[in-house]
Amino acid sequence: MARFWMSARRVHWAAYAGSLLVILLASVGAGVARRLLGDINISLIYLIGVVWVATLWGMGPALFASGVAVLALDLFFLDSFGARAIAFTDDWLTLLLFLLMAILTGRLASRARERAIESRRRERATAVLYDLSTALLGDSDLDAILSHLTARVAETFGLTACHIALLGDDRQLRVVAGYGPWDMGAMAPQTLLQRVLREGRVIAFRETVVPSAEAGDSAGSGSGIALYLPLTAGLADIGVMRVARVANDGFRPDEEQMIATFARQAALGIEKARLSEQARRASALEEADRAKTAVLAAVSHDLRSPLATIKTAATGLLNFGASLEETQSRELLRAIDGETDRLTRLVANLLDLSRIQGGALHPRKDWVDVGESLQAVADRLDGRVQQHIEVSVGDELLLVQADSVRLDQVLTNLVENAATYAPPDSTIYLSAEQVDGSVTIRVRDEGPGIPPSDRERVFEPFYRGAGRERAPGSGLGLAICRGIVEAHGGTIRVEPTELPGTCLAVTLPGSAESESVGKRMQEAVS
Amino acid sequence: MTRGARILVVDDEPQILRSLRTSLTAGGYEVQTAASGEESLRLLEARLPDLVLLDLMLPGISGLDVCRAIRARSSVPIIVLSARGEERDKVAALDLGADDYLTKPFGIDELLARIRAALRRAAGIGGPATVIDAGDLCVDVDRRQVTLNGVEVKLTATQFDLLKVLVVNAGRVLTHSYLLRSVWGPEYEHDTQVLRVFIAQLRRKVEADPAHPRHIVTESGVGYRFRLDA
């Protein structure tokens, strides 16, 4: 602001100098006119000069020009006719006329100029306001909007500082965005800000306003006017906006009004942003709630059905054990045995899932021979699934740092998953290869495959592909696999394949050590 | 066996104790039960069981402490019972001298098989069995000779030492660190990579089908076990 004053003053001096020049020009013009046209009233030519000055620079320079013009008239022309006595009264009359003209024209011109400035400012303010509304309507981040807003308001109104403090849940006001300095000094801003909100009106203060750095050091810190505007939307208090400017005179009423409009707009925008944030959070909660309900539904069904079978079989044996035939009672016992296994698996899966989700799964890493793990899983499941299992690993020993029990669990899950969807008597292929130190294990089946849109979703807990809702299993297997693999720093994904069926690929990171040591060992032994 | 072996079952779960007692009695064993580590140590002195079934999750003194205390005074076979996800405890118990482990929940058939194997081993301990016959595989410990289907197998010194530790402890689960300590020395205790490589080498030489090992069996996350009756 101080800079504005400085430049204003410079403009002033230039205007007076200009006035002098204009009158000089008028004198030359008058001289030429008199030479060419004889004895005409040259004061009219000076009048043109005065009016011109008035329209250009306003009343001050115009008054100055009037004085100079009368003096020049006196000096250059009247004197030469030797009619000084007569001219004396004439002189005063001319001066009076010039002054009157200067005042009238200057008034008119300065009003027109002010109007032009005003309309330019309004135009700019409207542009900023429009800008602000657009920014607030967009769903970008509230903090970013507010800091943008404060900067733009400060720029538009030539402010030293513009700050916004918002009311928190604890009814405390906190500054969330600001442009320029705010020297709180000995003030208790909280009390003041609360008062602004309580009274619900604009409060103006004269306070020490440290000008922003770019004002230059010539300005120094000066006292200025700070306005505190309450931000309210409807009946709700939102916060307080503070604008400050280093100046002796405060804000003009129209400026204040314009800033108040900004404040209202900002308040509405903040309110809107907050509401949409709340809506977003609510829908996220709702989503989580729905997921939880789905989990509960899935789990309670999966838990209850084996329990029901066990209860029925056990009570059947208790009541009719003696009268049942050997085969009948064995059937009931087998049902109990099988359902117990199912429950065991489910409970283990649920525990694993909660460990994974709680970040409590810590793999106990050790060197694992991947080929051996694949073979072990294949041997174990060979008789239990209806498909053939084919293992292909090279002769090379593939060692990775992994938790062997967890790796076994992942592989078992993948093979069982494949077996669930692939047709009986088809083949499930297990393979492993080492590329750039990391080991990739692939489990490929000849089942119906997974559509590309589902390739990520299959790793969500309880997710079952379309048309697979009734498939056995809890829908936890792949989610657990992903959790375990990621806990190892690896990746698991559904790999697009040219061949029919599904290919799941697990990549475990190798360590620089593994290769070199492996090689050294092999050399040493062979 | 004229009288059934005496088995001490240590578990704090009454239902498990009841069903184990029923099943083991039906299997021809004499069963004592203890619901705590303290009680089990008292019974160990008083009744001299032939085998201890020990749950690792116990109130009061822990299963591991009980395991250590039993080993301090007796060489009675110990089979530890543990829940899934307690691999660490399992390995610790095996390192403290337990002979075998079972993960809950388990089938009685599996338990009976483990008990039979442990008792048989215990009965054979101290015997001068220096030639171990495992069907297709035959290991003569003293003469450092190994034959597979009657054909002699050439092993390096370290490979033979590893095989020897496995066969003389046939049936027992040997932890990684136990094998490394016994064959390579205590300073190699954590060098499991070496062990992986040697096991792979050994399998290629002594297993009829190295991809499907029948003698040197992996106990995932724990160690290896040599099976005679493959």
# chains A, B, ... in the order shown; residues from 1 in each chain; ligands from 1
>>> interface_residues(of="chain B", to="chain A", cutoff="9 Å", atoms="only C-alpha atoms", output="ChimeraX atom specification")
/B:84-85,87-88,105,107,156,191-194,196-198,200-201,211-212,218,220-222
>>> select_by_dssp(residues="stretch 61-274 of chain A", states="strand (DSSP E or B)", output="VMD selection string")
chain A and resid 161 to 167 173 to 179 203 to 209 222 to 233 236 to 245
>>> write_last_selection(atoms="N, CA and C atoms", output="compact mmCIF listing (two decimals), in the first residue's frame")
# COMPACT_ATOMS: atom_id res chain seq x y z
N ALA A 161 -2.56 -8.20 4.06
CA ALA A 161 -2.78 -9.55 4.56
C ALA A 161 -4.24 -9.93 4.45
N CYS A 162 -4.46 -11.22 4.28
CA CYS A 162 -5.82 -11.74 4.27
C CYS A 162 -5.76 -13.14 4.87
N HIS A 163 -6.52 -13.36 5.93
CA HIS A 163 -6.49 -14.66 6.61
C HIS A 163 -7.89 -15.19 6.82
N ILE A 164 -7.97 -16.51 6.88
CA ILE A 164 -9.25 -17.13 7.19
C ILE A 164 -9.05 -18.09 8.36
N ALA A 165 -9.86 -17.89 9.39
CA ALA A 165 -9.83 -18.80 10.53
C ALA A 165 -11.16 -19.52 10.57
N LEU A 166 -11.09 -20.85 10.73
CA LEU A 166 -12.33 -21.62 10.74
C LEU A 166 -12.61 -22.17 12.14
N LEU A 167 -13.90 -22.31 12.41
CA LEU A 167 -14.35 -22.81 13.69
C LEU A 167 -14.22 -24.33 13.70
N LEU A 173 -11.30 -21.20 17.08
CA LEU A 173 -11.03 -20.73 15.73
C LEU A 173 -9.56 -20.96 15.40
N ARG A 174 -9.31 -21.54 14.27
CA ARG A 174 -7.93 -21.78 13.86
C ARG A 174 -7.71 -21.22 12.46
N VAL A 175 -6.55 -20.56 12.29
CA VAL A 175 -6.22 -20.02 10.97
C VAL A 175 -5.89 -21.18 10.06
N VAL A 176 -6.63 -21.31 8.96
CA VAL A 176 -6.39 -22.42 8.06
C VAL A 176 -5.74 -21.96 6.76
N ALA A 177 -5.88 -20.68 6.45
CA ALA A 177 -5.24 -20.20 5.22
C ALA A 177 -4.91 -18.75 5.42
N GLY A 178 -3.86 -18.29 4.81
CA GLY A 178 -3.50 -16.90 4.99
C GLY A 178 -2.56 -16.42 3.93
N TYR A 179 -2.67 -15.14 3.66
CA TYR A 179 -1.76 -14.49 2.74
C TYR A 179 -1.18 -13.31 3.50
N ILE A 203 -15.96 -5.96 12.25
CA ILE A 203 -15.30 -5.11 13.22
C ILE A 203 -13.99 -4.62 12.61
N ALA A 204 -13.77 -3.31 12.73
CA ALA A 204 -12.55 -2.74 12.18
C ALA A 204 -11.62 -2.33 13.32
N PHE A 205 -10.31 -2.56 13.14
CA PHE A 205 -9.34 -2.20 14.17
C PHE A 205 -8.18 -1.48 13.53
N ARG A 206 -7.63 -0.56 14.28
CA ARG A 206 -6.35 -0.01 13.84
C ARG A 206 -5.28 -0.82 14.56
N GLU A 207 -4.45 -1.51 13.81
CA GLU A 207 -3.41 -2.30 14.47
C GLU A 207 -2.12 -2.25 13.67
N THR A 208 -1.09 -2.81 14.28
CA THR A 208 0.19 -2.85 13.58
C THR A 208 0.08 -3.90 12.48
N VAL A 209 0.20 -3.46 11.26
CA VAL A 209 0.11 -4.39 10.15
C VAL A 209 1.47 -4.41 9.48
N GLY A 222 4.04 -0.56 9.33
CA GLY A 222 3.25 0.61 9.69
C GLY A 222 1.94 0.20 10.28
N SER A 223 1.27 1.12 10.86
CA SER A 223 -0.02 0.80 11.40
C SER A 223 -1.03 0.85 10.26
N GLY A 224 -2.07 0.12 10.43
CA GLY A 224 -3.05 0.06 9.36
C GLY A 224 -4.39 -0.35 9.91
N ILE A 225 -5.28 -0.65 9.02
CA ILE A 225 -6.62 -1.01 9.41
C ILE A 225 -6.83 -2.49 9.11
N ALA A 226 -7.37 -3.19 10.09
CA ALA A 226 -7.73 -4.58 9.86
C ALA A 226 -9.24 -4.72 10.02
N LEU A 227 -9.84 -5.43 9.09
CA LEU A 227 -11.27 -5.71 9.18
C LEU A 227 -11.45 -7.17 9.55
N TYR A 228 -12.35 -7.42 10.47
CA TYR A 228 -12.68 -8.80 10.81
C TYR A 228 -14.11 -9.05 10.37
N LEU A 229 -14.27 -10.00 9.44
CA LEU A 229 -15.60 -10.27 8.91
C LEU A 229 -16.06 -11.66 9.35
N PRO A 230 -17.25 -11.74 9.92
CA PRO A 230 -17.75 -13.07 10.30
C PRO A 230 -18.11 -13.86 9.04
N LEU A 231 -17.78 -15.14 9.04
CA LEU A 231 -18.17 -16.02 7.94
C LEU A 231 -19.32 -16.88 8.43
N THR A 232 -20.48 -16.68 7.83
CA THR A 232 -21.63 -17.49 8.24
C THR A 232 -22.35 -18.00 7.01
N ALA A 233 -22.87 -19.19 7.14
CA ALA A 233 -23.69 -19.74 6.06
C ALA A 233 -25.00 -20.16 6.69
N ALA A 236 -25.38 -21.08 10.51
CA ALA A 236 -24.17 -21.68 11.07
C ALA A 236 -22.99 -20.73 11.00
N ASP A 237 -22.29 -20.59 12.12
CA ASP A 237 -21.04 -19.84 12.13
C ASP A 237 -19.96 -20.75 11.55
N ILE A 238 -19.17 -20.18 10.67
CA ILE A 238 -18.13 -20.99 10.04
C ILE A 238 -16.75 -20.54 10.47
N GLY A 239 -16.56 -19.23 10.51
CA GLY A 239 -15.25 -18.74 10.89
C GLY A 239 -15.17 -17.23 10.71
N VAL A 240 -13.96 -16.74 10.66
CA VAL A 240 -13.74 -15.30 10.55
C VAL A 240 -12.71 -15.05 9.46
N MET A 241 -12.97 -13.99 8.68
CA MET A 241 -11.97 -13.58 7.70
C MET A 241 -11.38 -12.26 8.14
N ARG A 242 -10.05 -12.17 8.07
CA ARG A 242 -9.40 -10.93 8.46
C ARG A 242 -8.69 -10.37 7.24
N VAL A 243 -8.96 -9.09 6.95
CA VAL A 243 -8.22 -8.44 5.88
C VAL A 243 -7.54 -7.21 6.47
N ALA A 244 -6.35 -6.89 6.03
CA ALA A 244 -5.62 -5.77 6.61
C ALA A 244 -4.84 -5.04 5.53
N ARG A 245 -4.68 -3.76 5.77
CA ARG A 245 -3.96 -2.95 4.79
C ARG A 245 -3.21 -1.87 5.55
>>> closest_residue(among="B:Glu38, B:Asp209, B:Glu30, B:Asp109", to="B:Asp65", atoms="only C-alpha atoms")
B:Glu38
>>> residues_around(residues="stretch 12-27 of chain B", least_positions_apart="3", cutoff="9 Å", atoms="only C-alpha atoms", output="list in words")
Gly4, Ile7, Val9, Glu30, Val31, Gln32, Thr33, Ala34, Ala35, Ser36, Asp55, Met57, Leu58, Pro59, Ile108 and Leu112 of chain B
>>> write_last_selection(atoms="N, CA and C atoms", output="tab-separated table (two decimals), in the first residue's frame")
chain	number	residue	atom	x	y	z
B	4	GLY	N	0.01	-102.04	28.36
B	4	GLY	CA	0.05	-100.88	27.49
B	4	GLY	C	1.02	-99.87	28.07
B	7	ILE	N	1.03	-93.37	29.24
B	7	ILE	CA	1.16	-92.06	28.58
B	7	ILE	C	0.64	-90.97	29.49
B	9	VAL	N	-0.68	-87.28	29.58
B	9	VAL	CA	-1.22	-86.24	28.69
B	9	VAL	C	-1.31	-84.94	29.48
B	30	GLU	N	-2.23	-96.94	28.81
B	30	GLU	CA	-2.64	-96.52	30.15
B	30	GLU	C	-2.45	-95.00	30.20
B	31	VAL	N	-3.49	-94.28	30.58
B	31	VAL	CA	-3.45	-92.81	30.44
B	31	VAL	C	-3.52	-92.10	31.78
B	32	GLN	N	-2.59	-91.14	31.97
B	32	GLN	CA	-2.70	-90.22	33.09
B	32	GLN	C	-2.84	-88.82	32.52
B	33	THR	N	-3.57	-87.99	33.20
B	33	THR	CA	-3.73	-86.64	32.68
B	33	THR	C	-3.27	-85.62	33.71
B	34	ALA	N	-2.76	-84.51	33.19
B	34	ALA	CA	-2.38	-83.39	34.04
B	34	ALA	C	-2.88	-82.12	33.37
B	35	ALA	N	-3.45	-81.21	34.17
B	35	ALA	CA	-4.03	-80.00	33.60
B	35	ALA	C	-3.07	-78.82	33.68
B	36	SER	N	-1.89	-79.03	34.28
B	36	SER	CA	-0.93	-77.93	34.37
B	36	SER	C	0.48	-78.49	34.34
B	55	ASP	N	0.98	-80.28	25.71
B	55	ASP	CA	0.45	-79.09	25.03
B	55	ASP	C	1.36	-77.91	25.38
B	57	MET	N	0.62	-74.67	25.11
B	57	MET	CA	-0.09	-73.55	25.71
B	57	MET	C	-0.65	-73.97	27.05
B	58	LEU	N	0.08	-73.64	28.09
B	58	LEU	CA	-0.36	-74.06	29.42
B	58	LEU	C	-0.44	-72.85	30.34
B	59	PRO	N	-1.35	-72.88	31.29
B	59	PRO	CA	-1.36	-71.82	32.30
B	59	PRO	C	-0.19	-72.07	33.26
B	108	ILE	N	-6.91	-88.77	15.53
B	108	ILE	CA	-6.38	-89.75	16.47
B	108	ILE	C	-5.46	-90.75	15.78
B	112	LEU	N	-1.84	-91.70	17.10
B	112	LEU	CA	-1.45	-93.07	17.46
B	112	LEU	C	-0.20	-93.49	16.69
>>> residues_around(residues="B:Lys154", least_positions_apart="6", cutoff="12 Å", atoms="only C-alpha atoms", output="JSON, numbers by chain")
{"A": [526], "B": [139, 144, 145, 146, 147, 148, 160, 201, 202, 204, 205, 206]}
>>> residues_around(residues="B:Val66", least_positions_apart="2", cutoff="10 Å", atoms="only C-alpha atoms", output="mmCIF file with C-alpha atoms, in the first residue's frame")
data_model
loop_
_atom_site.group_PDB
_atom_site.id
_atom_site.type_symbol
_atom_site.label_atom_id
_atom_site.label_comp_id
_atom_site.auth_asym_id
_atom_site.auth_seq_id
_atom_site.Cartn_x
_atom_site.Cartn_y
_atom_site.Cartn_z
ATOM 1 C CA VAL B 10 -0.660 -82.593 29.680
ATOM 2 C CA SER B 36 -0.931 -77.934 34.368
ATOM 3 C CA GLY B 37 2.827 -78.017 34.020
ATOM 4 C CA GLU B 38 3.294 -78.269 37.801
ATOM 5 C CA SER B 40 2.727 -82.943 35.058
ATOM 6 C CA LEU B 41 6.170 -82.681 36.709
ATOM 7 C CA LEU B 54 2.575 -82.057 26.036
ATOM 8 C CA ASP B 55 0.449 -79.090 25.029
ATOM 9 C CA LEU B 56 2.610 -75.996 24.653
ATOM 10 C CA LEU B 58 -0.363 -74.059 29.422
ATOM 11 C CA ILE B 61 4.736 -72.601 33.837
ATOM 12 C CA SER B 62 4.837 -72.799 30.055
ATOM 13 C CA GLY B 63 4.988 -75.901 27.915
ATOM 14 C CA LEU B 64 8.537 -75.012 26.898
ATOM 15 C CA ARG B 68 13.099 -78.323 29.547
ATOM 16 C CA ALA B 69 12.352 -79.603 33.060
ATOM 17 C CA ILE B 70 11.431 -83.065 31.789
ATOM 18 C CA ARG B 71 14.585 -83.315 29.688
ATOM 19 C CA ALA B 72 16.659 -82.301 32.722
ATOM 20 C CA ALA B 93 10.420 -77.336 21.930
#
>>> residues_around(residues="A:Leu44", least_positions_apart="3", cutoff="10 Å", atoms="only C-alpha atoms", output="MDAnalysis selection string")
chainID A and resid 26 30 40:41 47:50 94 98
>>> write_last_selection(atoms="N, CA and C atoms", output="short mmCIF file (atom, residue, chain, number, x, y, z; two decimals), in the first residue's frame")
data_model
loop_
_atom_site.label_atom_id
_atom_site.label_comp_id
_atom_site.auth_asym_id
_atom_site.auth_seq_id
_atom_site.Cartn_x
_atom_site.Cartn_y
_atom_site.Cartn_z
N ALA A 26 0.22 26.45 -24.60
CA ALA A 26 -0.89 27.38 -24.85
C ALA A 26 -0.34 28.77 -25.18
N ALA A 30 -0.91 30.79 -28.41
CA ALA A 30 -1.52 32.12 -28.37
C ALA A 30 -0.68 33.12 -29.16
N ILE A 40 -6.89 38.98 -31.18
CA ILE A 40 -8.03 38.16 -30.74
C ILE A 40 -7.89 37.90 -29.23
N ASN A 41 -8.97 37.39 -28.61
CA ASN A 41 -8.94 37.11 -27.17
C ASN A 41 -8.21 35.79 -26.93
N LEU A 47 -7.69 28.91 -21.73
CA LEU A 47 -8.80 28.17 -21.12
C LEU A 47 -8.80 26.71 -21.62
N ILE A 48 -8.52 26.57 -22.92
CA ILE A 48 -8.47 25.21 -23.48
C ILE A 48 -7.41 24.40 -22.72
N GLY A 49 -6.24 25.07 -22.50
CA GLY A 49 -5.15 24.40 -21.77
C GLY A 49 -5.59 23.96 -20.39
N VAL A 50 -6.26 24.91 -19.67
CA VAL A 50 -6.70 24.60 -18.30
C VAL A 50 -7.67 23.42 -18.30
N THR A 94 -10.24 37.17 -15.34
CA THR A 94 -9.79 36.01 -16.11
C THR A 94 -9.39 34.87 -15.16
N PHE A 98 -10.94 31.31 -15.04
CA PHE A 98 -10.11 30.11 -15.21
C PHE A 98 -10.27 29.14 -14.05
#
>>> residues_around(residues="B:Arg114", least_positions_apart="3", cutoff="9 Å", atoms="only C-alpha atoms", output="NGL selection string")
:B and (79 or 100-102 or 109-111 or 117-119 or 171)
>>> select_by_dssp(residues="stretch 35-187 of chain B", states="helix (DSSP H, G or I)", output="ChimeraX atom specification")
/B:37-47,63-73,87-95,108-124,157-168,176-184,186-187
>>> atom_distance(atom1="atom CA of A:Ala313", atom2="atom CA of A:Leu332")
5.1 Å
>>> atom_distance(atom1="atom CA of A:Ser66", atom2="atom CA of A:Ser43")
10.8 Å
